[in-house]
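**Student:** The structure file upload05.cif (mmCIF, C-alpha atoms and all ligand atoms) is provided below.
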data_work
#
loop_
_atom_site.label_atom_id
_atom_site.label_comp_id
_atom_site.auth_asym_id
_atom_site.auth_seq_id
_atom_site.Cartn_x
_atom_site.Cartn_y
_atom_site.Cartn_z
CA MET A 1 -19.40 -50.82 43.01
CA THR A 2 -20.01 -54.10 41.24
CA ASN A 3 -19.54 -54.07 37.51
CA ILE A 4 -22.68 -55.08 35.62
CA ILE A 5 -20.75 -57.13 33.03
CA ASP A 6 -18.92 -58.99 35.81
CA THR A 7 -22.25 -59.91 37.41
CA ILE A 8 -23.29 -61.69 34.21
CA LYS A 9 -20.10 -63.76 34.13
CA PRO A 10 -21.18 -66.69 36.37
CA PHE A 11 -24.39 -67.11 34.35
CA TYR A 12 -22.78 -66.88 30.93
CA PRO A 13 -22.28 -70.64 30.32
CA LEU A 14 -25.94 -71.31 31.21
CA ALA A 15 -27.17 -68.43 29.08
CA PHE A 16 -25.08 -69.63 26.15
CA LYS A 17 -26.66 -73.09 26.46
CA ALA A 18 -30.13 -71.59 26.70
CA ILE A 19 -29.86 -69.71 23.40
CA ARG A 20 -29.18 -73.02 21.73
CA GLY A 21 -31.69 -72.77 18.92
CA ASN A 22 -31.41 -69.07 18.25
CA LEU A 23 -27.77 -68.18 18.14
CA GLU A 24 -28.11 -66.04 15.03
CA GLY A 25 -31.06 -64.09 16.47
CA THR A 26 -29.19 -63.47 19.73
CA GLN A 27 -26.11 -62.26 17.87
CA LYS A 28 -28.24 -59.90 15.86
CA GLN A 29 -29.88 -58.52 18.99
CA LEU A 30 -26.48 -57.99 20.56
CA LEU A 31 -25.21 -56.12 17.49
CA ASN A 32 -28.30 -53.91 17.35
CA THR A 33 -27.86 -53.13 21.05
CA LEU A 34 -24.22 -52.26 20.46
CA GLN A 35 -25.17 -49.88 17.71
CA LYS A 36 -27.69 -48.20 20.02
CA ILE A 37 -25.08 -47.88 22.75
CA ASP A 38 -22.60 -46.42 20.28
CA ARG A 39 -25.17 -43.91 19.04
CA SER A 40 -25.88 -42.82 22.59
CA ARG A 41 -22.24 -42.63 23.62
CA GLN A 42 -22.60 -38.96 24.55
CA GLY A 43 -25.49 -39.62 26.93
CA PHE A 44 -25.26 -40.79 30.53
CA TRP A 45 -26.35 -44.40 29.95
CA GLY A 46 -24.23 -44.80 26.84
CA GLN A 47 -21.14 -43.57 28.63
CA TRP A 48 -21.86 -45.69 31.67
CA LEU A 49 -22.36 -48.90 29.70
CA ILE A 50 -19.24 -48.32 27.65
CA SER A 51 -17.17 -47.73 30.76
CA GLN A 52 -18.60 -50.89 32.33
CA LEU A 53 -17.60 -52.89 29.27
CA SER A 54 -14.06 -51.53 29.26
CA GLU A 55 -13.65 -51.98 32.98
CA SER A 56 -14.69 -55.63 32.84
CA LEU A 57 -13.17 -56.71 29.54
CA SER A 58 -10.08 -54.64 28.73
CA PHE A 59 -6.51 -55.47 29.55
CA SER A 60 -3.73 -53.10 28.69
CA ASP A 61 0.01 -53.77 28.69
CA SER A 62 2.55 -52.04 26.46
CA ARG A 63 4.45 -55.33 25.96
CA LEU A 64 1.49 -56.61 23.93
CA SER A 65 1.43 -53.71 21.52
CA GLN A 66 3.12 -53.86 18.14
CA SER A 67 3.33 -51.86 15.00
CA LEU A 68 2.51 -53.60 11.73
CA TRP A 69 1.95 -52.04 8.32
CA GLY A 70 2.24 -48.62 9.95
CA LEU A 71 -0.70 -49.40 12.24
CA ASN A 72 -0.55 -49.60 16.00
CA PHE A 73 -2.09 -52.79 17.41
CA PRO A 74 -2.49 -52.32 21.19
CA ASN A 75 -2.72 -56.10 21.55
CA PRO A 76 -2.65 -59.08 19.17
CA VAL A 77 -6.17 -60.44 19.75
CA GLY A 78 -8.79 -59.39 17.21
CA LEU A 79 -12.40 -60.13 16.41
CA ALA A 80 -12.63 -62.46 13.39
CA ALA A 81 -14.69 -61.68 10.30
CA GLY A 82 -18.30 -62.75 10.16
CA PHE A 83 -19.49 -61.67 13.57
CA ASP A 84 -20.07 -58.01 12.77
CA LYS A 85 -20.84 -58.17 9.07
CA ASP A 86 -22.47 -54.74 8.87
CA GLY A 87 -20.11 -52.92 11.20
CA LEU A 88 -22.79 -52.21 13.79
CA GLY A 89 -20.43 -52.58 16.74
CA ALA A 90 -17.35 -51.18 15.00
CA GLY A 91 -16.99 -48.26 17.41
CA LEU A 92 -17.11 -50.51 20.47
CA TRP A 93 -14.88 -53.51 19.82
CA HIS A 94 -11.95 -51.90 21.61
CA ASN A 95 -14.16 -51.69 24.69
CA PHE A 96 -14.43 -55.48 24.53
CA GLY A 97 -10.66 -55.61 24.84
CA PHE A 98 -9.89 -56.43 21.21
CA GLY A 99 -6.67 -55.07 19.72
CA PHE A 100 -8.29 -54.90 16.28
CA ALA A 101 -11.49 -56.03 14.58
CA GLU A 102 -12.45 -57.20 11.12
CA VAL A 103 -15.94 -56.32 9.95
CA GLY A 104 -17.74 -58.01 7.05
CA ALA A 105 -17.77 -60.11 5.02
CA VAL A 106 -19.27 -57.42 2.86
CA THR A 107 -20.33 -57.82 -0.73
CA LEU A 108 -20.87 -55.15 -3.36
CA GLU A 109 -24.61 -55.75 -3.34
CA GLY A 110 -26.54 -56.45 -0.18
CA GLN A 111 -27.73 -60.07 -0.03
CA PRO A 112 -29.91 -62.14 2.29
CA GLY A 113 -27.61 -65.15 2.58
CA ASN A 114 -28.76 -68.75 2.74
CA PRO A 115 -32.11 -69.96 4.12
CA LYS A 116 -32.30 -70.34 7.90
CA PRO A 117 -31.40 -72.20 10.03
CA ARG A 118 -27.81 -71.69 8.96
CA LEU A 119 -25.82 -71.33 12.17
CA PHE A 120 -25.44 -74.26 14.57
CA ARG A 121 -23.47 -75.07 17.67
CA LEU A 122 -21.83 -78.47 18.04
CA PRO A 123 -21.27 -78.35 21.82
CA GLU A 124 -19.74 -81.82 22.09
CA ASP A 125 -17.04 -80.67 19.70
CA LEU A 126 -16.76 -77.09 21.00
CA ALA A 127 -17.45 -76.15 17.40
CA GLY A 128 -19.79 -74.26 15.14
CA LEU A 129 -21.29 -75.14 11.78
CA ASN A 130 -22.35 -72.24 9.61
CA ARG A 131 -23.62 -71.75 6.12
CA MET A 132 -24.60 -68.11 6.46
CA GLY A 133 -23.76 -67.29 2.84
CA ALA A 134 -22.37 -63.80 3.44
CA ASN A 135 -25.65 -62.20 4.45
CA ASN A 136 -24.98 -58.48 4.66
CA LEU A 137 -26.40 -55.10 3.75
CA GLY A 138 -23.81 -54.38 1.06
CA ALA A 139 -20.76 -52.14 0.68
CA PRO A 140 -22.57 -48.76 0.33
CA VAL A 141 -24.50 -49.36 3.57
CA LEU A 142 -21.39 -50.52 5.44
CA ALA A 143 -19.55 -47.43 4.20
CA ALA A 144 -22.29 -45.17 5.59
CA THR A 145 -22.44 -47.06 8.90
CA LEU A 146 -18.69 -46.84 9.41
CA GLN A 147 -18.55 -43.21 8.37
CA GLN A 148 -21.17 -42.32 10.98
CA SER A 149 -19.37 -44.39 13.57
CA TRP A 150 -16.02 -42.64 12.94
CA GLN A 151 -17.77 -39.27 13.10
CA ARG A 152 -19.02 -40.09 16.58
CA GLN A 153 -15.55 -41.26 17.62
CA PRO A 154 -12.36 -41.79 15.60
CA ARG A 155 -11.09 -45.35 15.30
CA GLN A 156 -9.44 -46.52 18.53
CA ILE A 157 -8.01 -49.76 17.14
CA PRO A 158 -7.19 -50.90 13.60
CA ILE A 159 -10.35 -51.91 11.74
CA GLY A 160 -10.21 -54.29 8.81
CA ILE A 161 -12.84 -55.07 6.22
CA ASN A 162 -13.39 -58.57 4.87
CA LEU A 163 -14.39 -58.39 1.20
CA CYS A 164 -16.38 -61.18 -0.44
CA LYS A 165 -17.84 -61.66 -3.90
CA SER A 166 -21.58 -61.04 -4.31
CA LYS A 167 -23.43 -64.30 -4.84
CA ASN A 168 -25.08 -63.02 -8.04
CA THR A 169 -21.83 -61.94 -9.65
CA PRO A 170 -20.39 -64.63 -11.94
CA LEU A 171 -16.95 -65.90 -10.93
CA GLU A 172 -15.29 -64.34 -13.99
CA LYS A 173 -16.55 -60.92 -12.90
CA ALA A 174 -15.20 -61.39 -9.36
CA PRO A 175 -12.32 -58.87 -9.71
CA GLU A 176 -14.68 -56.00 -10.58
CA ASP A 177 -17.01 -57.03 -7.76
CA TYR A 178 -14.24 -56.93 -5.15
CA LEU A 179 -13.00 -53.65 -6.62
CA GLY A 180 -16.45 -52.09 -6.33
CA SER A 181 -16.64 -52.86 -2.61
CA PHE A 182 -13.05 -51.73 -2.09
CA ARG A 183 -13.80 -48.35 -3.67
CA TYR A 184 -16.84 -47.73 -1.47
CA LEU A 185 -15.04 -48.73 1.68
CA PHE A 186 -11.50 -47.49 1.09
CA PRO A 187 -11.57 -44.45 3.43
CA HIS A 188 -13.41 -46.20 6.23
CA ALA A 189 -10.98 -48.91 7.35
CA ASP A 190 -7.30 -49.52 8.03
CA TYR A 191 -6.76 -52.80 6.21
CA PHE A 192 -8.64 -55.02 3.76
CA VAL A 193 -8.91 -58.78 3.42
CA VAL A 194 -9.75 -60.57 0.19
CA ASN A 195 -11.94 -63.43 1.33
CA VAL A 196 -11.70 -66.19 -1.26
CA SER A 197 -12.11 -68.96 1.26
CA SER A 198 -15.66 -68.94 2.58
CA PRO A 199 -17.24 -72.32 1.78
CA ASN A 200 -20.72 -70.79 1.70
CA THR A 201 -20.61 -68.75 -1.50
CA PRO A 202 -20.81 -71.14 -4.46
CA GLY A 203 -17.48 -71.42 -6.28
CA LEU A 204 -15.77 -68.79 -4.13
CA ARG A 205 -12.94 -71.02 -3.02
CA SER A 206 -11.99 -71.70 -6.64
CA LEU A 207 -10.85 -68.05 -6.67
CA GLN A 208 -7.89 -69.16 -4.55
CA SER A 209 -6.32 -70.65 -7.67
CA GLY A 210 -3.33 -68.69 -8.91
CA GLU A 211 -4.87 -67.55 -12.16
CA GLN A 212 -8.09 -66.23 -10.64
CA LEU A 213 -6.53 -64.71 -7.55
CA ASP A 214 -3.93 -63.01 -9.72
CA LYS A 215 -6.67 -61.02 -11.48
CA ILE A 216 -8.36 -60.02 -8.23
CA LEU A 217 -5.11 -58.90 -6.59
CA ASP A 218 -4.01 -57.12 -9.73
CA ILE A 219 -7.15 -54.99 -9.97
CA LEU A 220 -7.18 -54.23 -6.25
CA GLN A 221 -3.51 -53.35 -5.92
CA THR A 222 -3.64 -51.20 -9.07
CA GLU A 223 -6.41 -49.22 -7.41
CA ASN A 224 -4.78 -49.30 -4.01
CA GLN A 225 -1.26 -48.19 -4.99
CA GLY A 226 0.07 -49.40 -1.67
CA ARG A 227 -2.06 -47.06 0.39
CA LYS A 228 -3.85 -49.66 2.54
CA PRO A 229 -2.58 -53.07 3.70
CA LEU A 230 -4.26 -55.80 1.68
CA LEU A 231 -4.34 -59.41 2.89
CA VAL A 232 -5.81 -62.63 1.57
CA LYS A 233 -7.75 -65.10 3.72
CA ILE A 234 -7.26 -68.75 2.91
CA SER A 235 -9.02 -72.04 3.50
CA PRO A 236 -7.58 -74.71 5.79
CA ASP A 237 -8.48 -77.30 3.16
CA LEU A 238 -5.88 -76.23 0.60
CA GLU A 239 -2.95 -78.44 -0.38
CA TRP A 240 0.56 -77.18 0.39
CA GLU A 241 1.32 -76.50 -3.28
CA ASP A 242 -1.73 -74.24 -3.49
CA ILE A 243 -0.62 -72.34 -0.43
CA ILE A 244 2.79 -71.91 -2.05
CA THR A 245 1.09 -70.41 -5.10
CA ILE A 246 -0.78 -67.97 -2.87
CA ILE A 247 2.43 -67.04 -1.05
CA GLU A 248 4.08 -66.32 -4.40
CA LEU A 249 1.20 -64.07 -5.33
CA ALA A 250 1.36 -62.41 -1.94
CA PHE A 251 4.97 -61.47 -2.62
CA SER A 252 4.49 -60.44 -6.21
CA TYR A 253 1.53 -58.22 -5.33
CA GLN A 254 3.13 -56.97 -2.13
CA LEU A 255 0.32 -58.15 0.05
CA ALA A 256 0.54 -57.20 3.70
CA GLY A 257 -0.05 -60.76 4.86
CA ILE A 258 -2.21 -63.86 4.96
CA VAL A 259 -5.16 -64.62 7.22
CA ALA A 260 -5.07 -68.33 8.08
CA THR A 261 -7.64 -69.80 8.19
CA ASN A 262 -11.32 -69.75 7.31
CA THR A 263 -13.69 -72.59 8.28
CA THR A 264 -13.25 -76.16 7.01
CA THR A 265 -15.64 -78.27 4.98
CA LYS A 266 -14.09 -81.43 6.40
CA ARG A 267 -16.07 -83.41 8.94
CA THR A 268 -13.22 -85.52 10.27
CA GLY A 269 -12.67 -85.91 13.99
CA LEU A 270 -16.13 -84.74 15.02
CA THR A 271 -18.00 -86.39 17.89
CA THR A 272 -21.29 -84.97 16.65
CA THR A 273 -22.85 -87.35 14.15
CA ILE A 274 -26.38 -85.97 13.78
CA LEU A 275 -27.28 -82.29 13.76
CA PRO A 276 -30.15 -82.15 16.29
CA GLU A 277 -31.82 -79.15 14.64
CA THR A 278 -32.30 -80.98 11.33
CA GLY A 279 -31.96 -84.64 12.33
CA LYS A 280 -29.54 -85.16 9.43
CA PRO A 281 -26.01 -86.63 9.57
CA ILE A 282 -23.40 -83.91 9.98
CA THR A 283 -21.65 -85.24 6.90
CA GLU A 284 -24.69 -84.30 4.81
CA GLU A 285 -25.04 -80.79 6.19
CA ALA A 286 -23.53 -78.02 4.09
CA GLY A 287 -21.34 -75.40 5.72
CA GLY A 288 -18.02 -74.70 7.37
CA ILE A 289 -16.84 -75.99 10.74
CA SER A 290 -15.26 -73.49 13.11
CA GLY A 291 -13.86 -73.83 16.62
CA LYS A 292 -11.83 -76.57 18.30
CA PRO A 293 -11.77 -79.09 15.44
CA LEU A 294 -10.06 -76.44 13.32
CA ARG A 295 -7.33 -75.53 15.79
CA GLU A 296 -4.65 -77.97 14.81
CA ARG A 297 -4.97 -77.59 11.04
CA SER A 298 -5.07 -73.82 11.27
CA THR A 299 -1.87 -73.80 13.33
CA GLU A 300 -0.28 -76.20 10.86
CA VAL A 301 -1.07 -73.80 8.01
CA ILE A 302 0.36 -70.88 9.99
CA ARG A 303 3.52 -72.86 10.69
CA PHE A 304 3.86 -73.77 7.03
CA ILE A 305 3.47 -70.18 5.81
CA TYR A 306 5.94 -68.92 8.39
CA GLN A 307 8.49 -71.51 7.33
CA GLN A 308 8.10 -70.96 3.62
CA THR A 309 8.33 -67.19 3.94
CA GLU A 310 11.05 -67.27 6.61
CA GLY A 311 8.80 -65.10 8.71
CA ASN A 312 8.78 -62.36 6.08
CA LEU A 313 5.02 -62.26 5.55
CA PRO A 314 2.85 -61.34 8.54
CA ILE A 315 0.20 -63.92 9.40
CA ILE A 316 -3.11 -63.37 11.16
CA GLY A 317 -3.80 -66.70 12.85
CA VAL A 318 -7.40 -67.76 13.33
CA GLY A 319 -9.14 -71.04 14.03
CA GLY A 320 -10.08 -72.76 17.26
CA ILE A 321 -8.57 -70.40 19.81
CA PHE A 322 -10.28 -71.12 23.14
CA SER A 323 -7.52 -70.44 25.64
CA LEU A 324 -4.18 -68.83 26.38
CA ASP A 325 -2.39 -71.99 25.30
CA ASP A 326 -4.19 -72.00 21.96
CA ALA A 327 -3.20 -68.37 21.44
CA TRP A 328 0.42 -68.97 22.41
CA GLU A 329 0.57 -71.99 20.13
CA LYS A 330 -0.40 -69.88 17.13
CA ILE A 331 1.86 -66.94 17.95
CA THR A 332 4.88 -69.14 18.51
CA ALA A 333 4.07 -71.04 15.30
CA GLY A 334 4.33 -67.75 13.41
CA ALA A 335 1.18 -65.64 13.76
CA SER A 336 1.82 -61.95 14.45
CA LEU A 337 -1.85 -61.34 15.18
CA LEU A 338 -4.76 -63.58 16.19
CA GLN A 339 -8.49 -63.55 15.65
CA ILE A 340 -11.23 -65.33 17.52
CA TYR A 341 -14.88 -66.05 16.90
CA THR A 342 -16.21 -69.44 18.06
CA GLY A 343 -14.10 -69.58 21.23
CA TRP A 344 -15.27 -66.10 22.14
CA LEU A 345 -18.89 -67.26 21.95
CA TYR A 346 -18.30 -70.43 23.96
CA GLN A 347 -16.07 -68.89 26.63
CA GLY A 348 -17.68 -65.49 26.80
CA PRO A 349 -16.15 -62.06 26.16
CA TRP A 350 -13.77 -62.42 29.13
CA LEU A 351 -11.68 -64.74 26.98
CA VAL A 352 -9.86 -61.78 25.41
CA SER A 353 -8.51 -60.30 28.64
CA ASN A 354 -7.74 -63.77 30.02
CA ILE A 355 -5.60 -64.48 26.98
CA LEU A 356 -3.94 -61.06 27.11
CA GLN A 357 -3.04 -61.32 30.75
CA GLY A 358 -1.73 -64.85 30.18
CA LEU A 359 0.38 -63.66 27.26
CA THR A 360 2.20 -61.18 29.47
CA GLU A 361 3.00 -64.04 31.85
CA LYS A 362 4.23 -66.18 28.96
CA LEU A 363 6.49 -63.31 27.84
CA GLU A 364 7.97 -63.05 31.31
CA ALA A 365 8.44 -66.80 31.61
CA ASN A 366 10.29 -66.81 28.28
CA GLY A 367 12.41 -63.75 29.01
CA LEU A 368 10.78 -61.70 26.25
CA THR A 369 9.93 -58.02 26.40
CA ASN A 370 7.45 -57.68 23.52
CA ILE A 371 4.94 -59.97 21.89
CA ASN A 372 6.62 -59.60 18.51
CA GLN A 373 9.64 -61.46 19.90
CA ALA A 374 7.43 -64.51 20.49
CA VAL A 375 6.27 -64.77 16.88
CA GLY A 376 7.51 -68.04 15.38
CA ILE A 377 9.80 -69.03 18.28
CA ASN A 378 8.43 -72.57 18.42
CA ASN A 379 8.50 -73.12 14.72
CA ARG A 380 10.42 -76.15 13.55
CA PRO A 381 13.65 -75.69 11.60
CA LEU A 382 12.86 -74.60 8.10
CA GLU A 383 11.73 -77.28 5.71
CA LYS A 384 11.21 -75.17 2.67
CA ILE A 385 9.48 -76.62 -0.33
CA LYS A 386 10.61 -73.80 -2.59
CA ASN A 387 12.73 -70.72 -2.43
CA LEU A 388 10.52 -67.68 -2.17
CA PRO A 389 9.73 -65.05 -3.26
CA LEU A 390 9.33 -66.34 -6.78
CA GLY A 391 8.14 -64.64 -9.92
CA LYS A 392 4.65 -64.70 -11.30
CA GLU A 393 5.02 -68.01 -13.16
CA SER A 394 3.78 -71.40 -11.95
CA ARG A 395 0.21 -70.51 -11.14
CA GLY A 396 -1.44 -73.87 -10.66
CA SER A 397 -5.06 -74.73 -10.12
CA ILE A 398 -6.49 -75.34 -6.71
CA HIS A 399 -6.69 -78.82 -5.23
CA GLU A 400 -9.04 -78.77 -2.29
CA SER A 401 -8.14 -81.84 -0.30
CA LYS A 402 -11.05 -84.17 0.38
C1 LIG B 1 -21.07 -67.68 11.77
C2 LIG B 1 -19.75 -67.44 11.12
C3 LIG B 1 -19.66 -66.54 10.08
C4 LIG B 1 -18.44 -66.30 9.45
N1 LIG B 1 -18.37 -65.39 8.45
C5 LIG B 1 -17.17 -65.12 7.88
C6 LIG B 1 -17.06 -64.14 6.87
O1 LIG B 1 -18.05 -63.49 6.52
N2 LIG B 1 -15.85 -63.94 6.29
C7 LIG B 1 -14.74 -64.65 6.66
O2 LIG B 1 -13.66 -64.45 6.12
N3 LIG B 1 -14.81 -65.56 7.66
C8 LIG B 1 -15.99 -65.80 8.26
N4 LIG B 1 -16.07 -66.73 9.26
C9 LIG B 1 -14.84 -67.46 9.65
C10 LIG B 1 -14.16 -66.83 10.86
O3 LIG B 1 -13.74 -65.52 10.61
C11 LIG B 1 -12.96 -67.68 11.29
O4 LIG B 1 -12.02 -67.67 10.24
C12 LIG B 1 -13.32 -69.12 11.60
O5 LIG B 1 -14.56 -69.20 12.25
C13 LIG B 1 -12.28 -69.80 12.46
O6 LIG B 1 -12.15 -69.13 13.70
P1 LIG B 1 -12.85 -69.65 15.04
O7 LIG B 1 -12.53 -71.12 15.18
O8 LIG B 1 -12.29 -68.80 16.13
O9 LIG B 1 -14.31 -69.44 14.87
C14 LIG B 1 -17.29 -66.98 9.90
C15 LIG B 1 -17.37 -67.88 10.97
C16 LIG B 1 -18.58 -68.11 11.58
C17 LIG B 1 -18.64 -69.08 12.73
#
Could you spell out this file's structure in structure tokens?

**Tutor:**
Amino acid sequence: MTNIIDTIKPFYPLAFKAIRGNLEGTQKQLLNTLQKIDRSRQGFWGQWLISQLSESLSFSDSRLSQSLWGLNFPNPVGLAAGFDKDGLGAGLWHNFGFGFAEVGAVTLEGQPGNPKPRLFRLPEDLAGLNRMGANNLGAPVLAATLQQSWQRQPRQIPIGINLCKSKNTPLEKAPEDYLGSFRYLFPHADYFVVNVSSPNTPGLRSLQSGEQLDKILDILQTENQGRKPLLVKISPDLEWEDIITIIELAFSYQLAGIVATNTTTKRTGLTTTILPETGKPITEEAGGISGKPLRERSTEVIRFIYQQTEGNLPIIGVGGIFSLDDAWEKITAGASLLQIYTGWLYQGPWLVSNILQGLTEKLEANGLTNINQAVGINNRPLEKIKNLPLGKESRGSIHESK
């Protein structure tokens, strides 16, 4: 019998074009529908829909599975933070073929985010522009949502939570704010990401500076005591010396890894000049660019981290993955895991299984037997700026490149 998800496939590009003006609303509807499906997973229709999703979108091969931080990742392709901020689809992401998923960003207090419209497609650039501003229901609500979800069905893939500072919390109180969310959410996820790189929360990216990040990591790791993997997510707009400082902190606080990268505030290389929805030049529109224009820089940052750490710090690579080649590029530059967002929207949910199947072919072509053997194989010879790991000294300030 024909699979219902497969029947949608030929119409997906048209449908994606048609939702042009209301991408945020459509995403919200999808997430609400997913939550309904998850809640009715015991019933006939729930079960049927879930099996249709898996049948159409999943791809399983033991060569793609790897163990990291004591967690089993059935494949290296994950859902990036920001799509499922409130964890509504948390129990279903494995049915979409993902090997892991990161929910959030969540803040300690619920917050509405920035005024709409705040999410735009730039089709000529295969990109997105967003200034959502971490709209979410808050850590206590996410904790309850996830708890209910895991009661219905235990976690099938590793689930991460992306933690962000509440907009109303002053920057100097950021450590306590992150800690508050971490405490609420601790039992409900497998790993946590300190998001100090979203361009849409005023001043947030200044928390990437050594001194500020030090305090956040200190308070979180003191609470954590090594029980859950903690990562930091960085901006693509940092200078190398700032990334070095973050790597030093990652070692001194025994972080599990770095997520590279978030969206960029740069507007270079874009074909789009005017944002049709507002009629204003793209250079005057606030927000972060995701998708294709980010691909190269994100890979460059991954390559840099891999080189400086000699592959000793796992990297989750994210930014502009639209195809198998994009995925392979990031893995062979040094990413152990990948995340996708914008490419998944443009290409449709079949992108995940297409990439996964392609990865198995790449492994064969390169004589490799597991995906972890591919990590970093195309990295250039080491050009280290500094010998790492270093101590806690030399915490500079952040220089966002213009
Ligand atoms: C609408 C939107 C919302 C996002 N929200 C978050 C977020 O809350 N936290 C975060 O760390 N990254 C967030 N991101 C960044 C993505 O997780 C990802 O790092 C970035 O989009 C690059 O990947 P991509 O090119 O595959 O989209 C968001 C991205 C988009 C497009």

**Student:** Could you tell me, counting all atoms listed in the file, which protein and nucleic acid residues lie no more than 7 Å from ligand LIG 1 (chain B), written as a short mmCIF file (atom, residue, chain, number, x, y, z; two decimals) with C-alpha atoms, in the frame of the given file?

**Tutor:**
data_model
loop_
_atom_site.label_atom_id
_atom_site.label_comp_id
_atom_site.auth_asym_id
_atom_site.auth_seq_id
_atom_site.Cartn_x
_atom_site.Cartn_y
_atom_site.Cartn_z
CA ALA A 80 -12.63 -62.46 13.39
CA ALA A 81 -14.69 -61.68 10.30
CA GLY A 82 -18.30 -62.75 10.16
CA PHE A 83 -19.49 -61.67 13.57
CA LYS A 85 -20.84 -58.17 9.07
CA GLY A 104 -17.74 -58.01 7.05
CA ALA A 105 -17.77 -60.11 5.02
CA LEU A 119 -25.82 -71.33 12.17
CA GLY A 128 -19.79 -74.26 15.14
CA LEU A 129 -21.29 -75.14 11.78
CA ASN A 130 -22.35 -72.24 9.61
CA MET A 132 -24.60 -68.11 6.46
CA ALA A 134 -22.37 -63.80 3.44
CA ASN A 162 -13.39 -58.57 4.87
CA ASN A 195 -11.94 -63.43 1.33
CA SER A 197 -12.11 -68.96 1.26
CA SER A 198 -15.66 -68.94 2.58
CA LYS A 233 -7.75 -65.10 3.72
CA THR A 261 -7.64 -69.80 8.19
CA ASN A 262 -11.32 -69.75 7.31
CA THR A 263 -13.69 -72.59 8.28
CA SER A 290 -15.26 -73.49 13.11
CA GLY A 291 -13.86 -73.83 16.62
CA LYS A 292 -11.83 -76.57 18.30
CA LEU A 294 -10.06 -76.44 13.32
CA ARG A 295 -7.33 -75.53 15.79
CA VAL A 318 -7.40 -67.76 13.33
CA GLY A 319 -9.14 -71.04 14.03
CA GLY A 320 -10.08 -72.76 17.26
CA ILE A 321 -8.57 -70.40 19.81
CA GLN A 339 -8.49 -63.55 15.65
CA ILE A 340 -11.23 -65.33 17.52
CA TYR A 341 -14.88 -66.05 16.90
CA THR A 342 -16.21 -69.44 18.06
CA GLY A 343 -14.10 -69.58 21.23
#

**Student:** Between A:Pro74, A:Ile157, A:Phe186, A:Gln147, which one has atoms that come closest to Ser62 (chain A), using only C-alpha atoms?

**Tutor:** A:Pro74

**Student:** Calculate how many Å separate CA of Glu285 (chain A) from CA of Pro117 (chain A), rounding to one decimal.

**Tutor:**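 Calculated distance between CA of Glu285 (chain A) and CA of Pro117 (chain A) is 11.4 Å.
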
**Student:** Neighbouring residues of region 23-36 of chain A were defined as those with any atom within 12 Å, considering all atoms listed in the file; residues of the same chain fewer than 3 positions away were excluded. Please report them as a PyMOL selection string.

**Tutor:** chain A and resi 15-20+39-43+45-47+49-50+53+82-93+95-96+103+116-122+128-132+135-136+145-146+148-149+152+341-342+345-346

**Student:** Please measure the separation of CA of Ala286 (chain A) and CA of Glu176 (chain A), giving the value in Å to one decimal.

**Tutor:** 27.9 Å

**Student:** Please provide the set of residues having any atom within 9 Å of Thr273 (chain A), restricted to all atoms listed in the file, with same-chain residues fewer than 6 positions apart removed, written as number ranges by chain.

**Tutor:** A: 280-283

**Student:** Nearest to Val232 (chain A): which of A:Val77, A:Val193, A:Gly133, A:Gln254 is it, counting all atoms listed in the file?

**Tutor:**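 Ranked by minimum distance to Val232 (chain A), first place goes to A:Val193.
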
**Student:** Expressed in Å to a single decimal, how great is the separation between CA of Trp48 (chain A) and CA of Thr2 (chain A)?

**Tutor:**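 So the answer is 12.9 Å.
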
**Student:** List as a list in words the protein and nucleic acid residues near Glu361 (chain A), meaning an atom at most 12 Å away when only C-alpha atoms are counted, but skip any in the same chain fewer than 5 places from it.

**Tutor:**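 Listing them by chain and then by number gives Asp61, Arg63, Leu64, Leu324, Asp325, Trp328, Asn354, Ile355, Leu356, Asn366, Gly367, Leu368, Thr369, Asn370 and Ile371 of chain A.
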
**Student:** Which residues are close to Ile246 (chain A), i.e. within 9 Å by all atoms listed in the file, leaving aside same-chain residues fewer than 2 positions away? Reply as a PDB file with C-alpha atoms, keeping the file's coordinate frame.

**Tutor:**
ATOM      1  CA  GLN A 208      -7.890 -69.160  -4.550  1.00  0.00           C
ATOM      2  CA  SER A 209      -6.320 -70.650  -7.670  1.00  0.00           C
ATOM      3  CA  GLY A 210      -3.330 -68.690  -8.910  1.00  0.00           C
ATOM      4  CA  LEU A 213      -6.530 -64.710  -7.550  1.00  0.00           C
ATOM      5  CA  VAL A 232      -5.810 -62.630   1.570  1.00  0.00           C
ATOM      6  CA  ILE A 234      -7.260 -68.750   2.910  1.00  0.00           C
ATOM      7  CA  GLU A 241       1.320 -76.500  -3.280  1.00  0.00           C
ATOM      8  CA  ASP A 242      -1.730 -74.240  -3.490  1.00  0.00           C
ATOM      9  CA  ILE A 243      -0.620 -72.340  -0.430  1.00  0.00           C
ATOM     10  CA  ILE A 244       2.790 -71.910  -2.050  1.00  0.00           C
ATOM     11  CA  GLU A 248       4.080 -66.320  -4.400  1.00  0.00           C
ATOM     12  CA  LEU A 249       1.200 -64.070  -5.330  1.00  0.00           C
ATOM     13  CA  ALA A 250       1.360 -62.410  -1.940  1.00  0.00           C
ATOM     14  CA  PHE A 251       4.970 -61.470  -2.620  1.00  0.00           C
ATOM     15  CA  ILE A 258      -2.210 -63.860   4.960  1.00  0.00           C
ATOM     16  CA  ARG A 395       0.210 -70.510 -11.140  1.00  0.00           C
TER      17      ARG A 395
END

**Student:** Can you tell me, as a list in words, which residues sit within 10 Å of (-10.9, -58.1, 30.5) in the file's frame, using only C-alpha atoms?

**Tutor:**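 Checking each residue against the 10 Å limit leaves Asp6, Leu53, Ser54, Glu55, Ser56, Leu57, Ser58, Phe59, Ser60, Asn95, Phe96, Gly97, Phe98, Pro349, Trp350, Leu351, Val352, Ser353, Asn354, Ile355, Leu356 and Gln357 of chain A.
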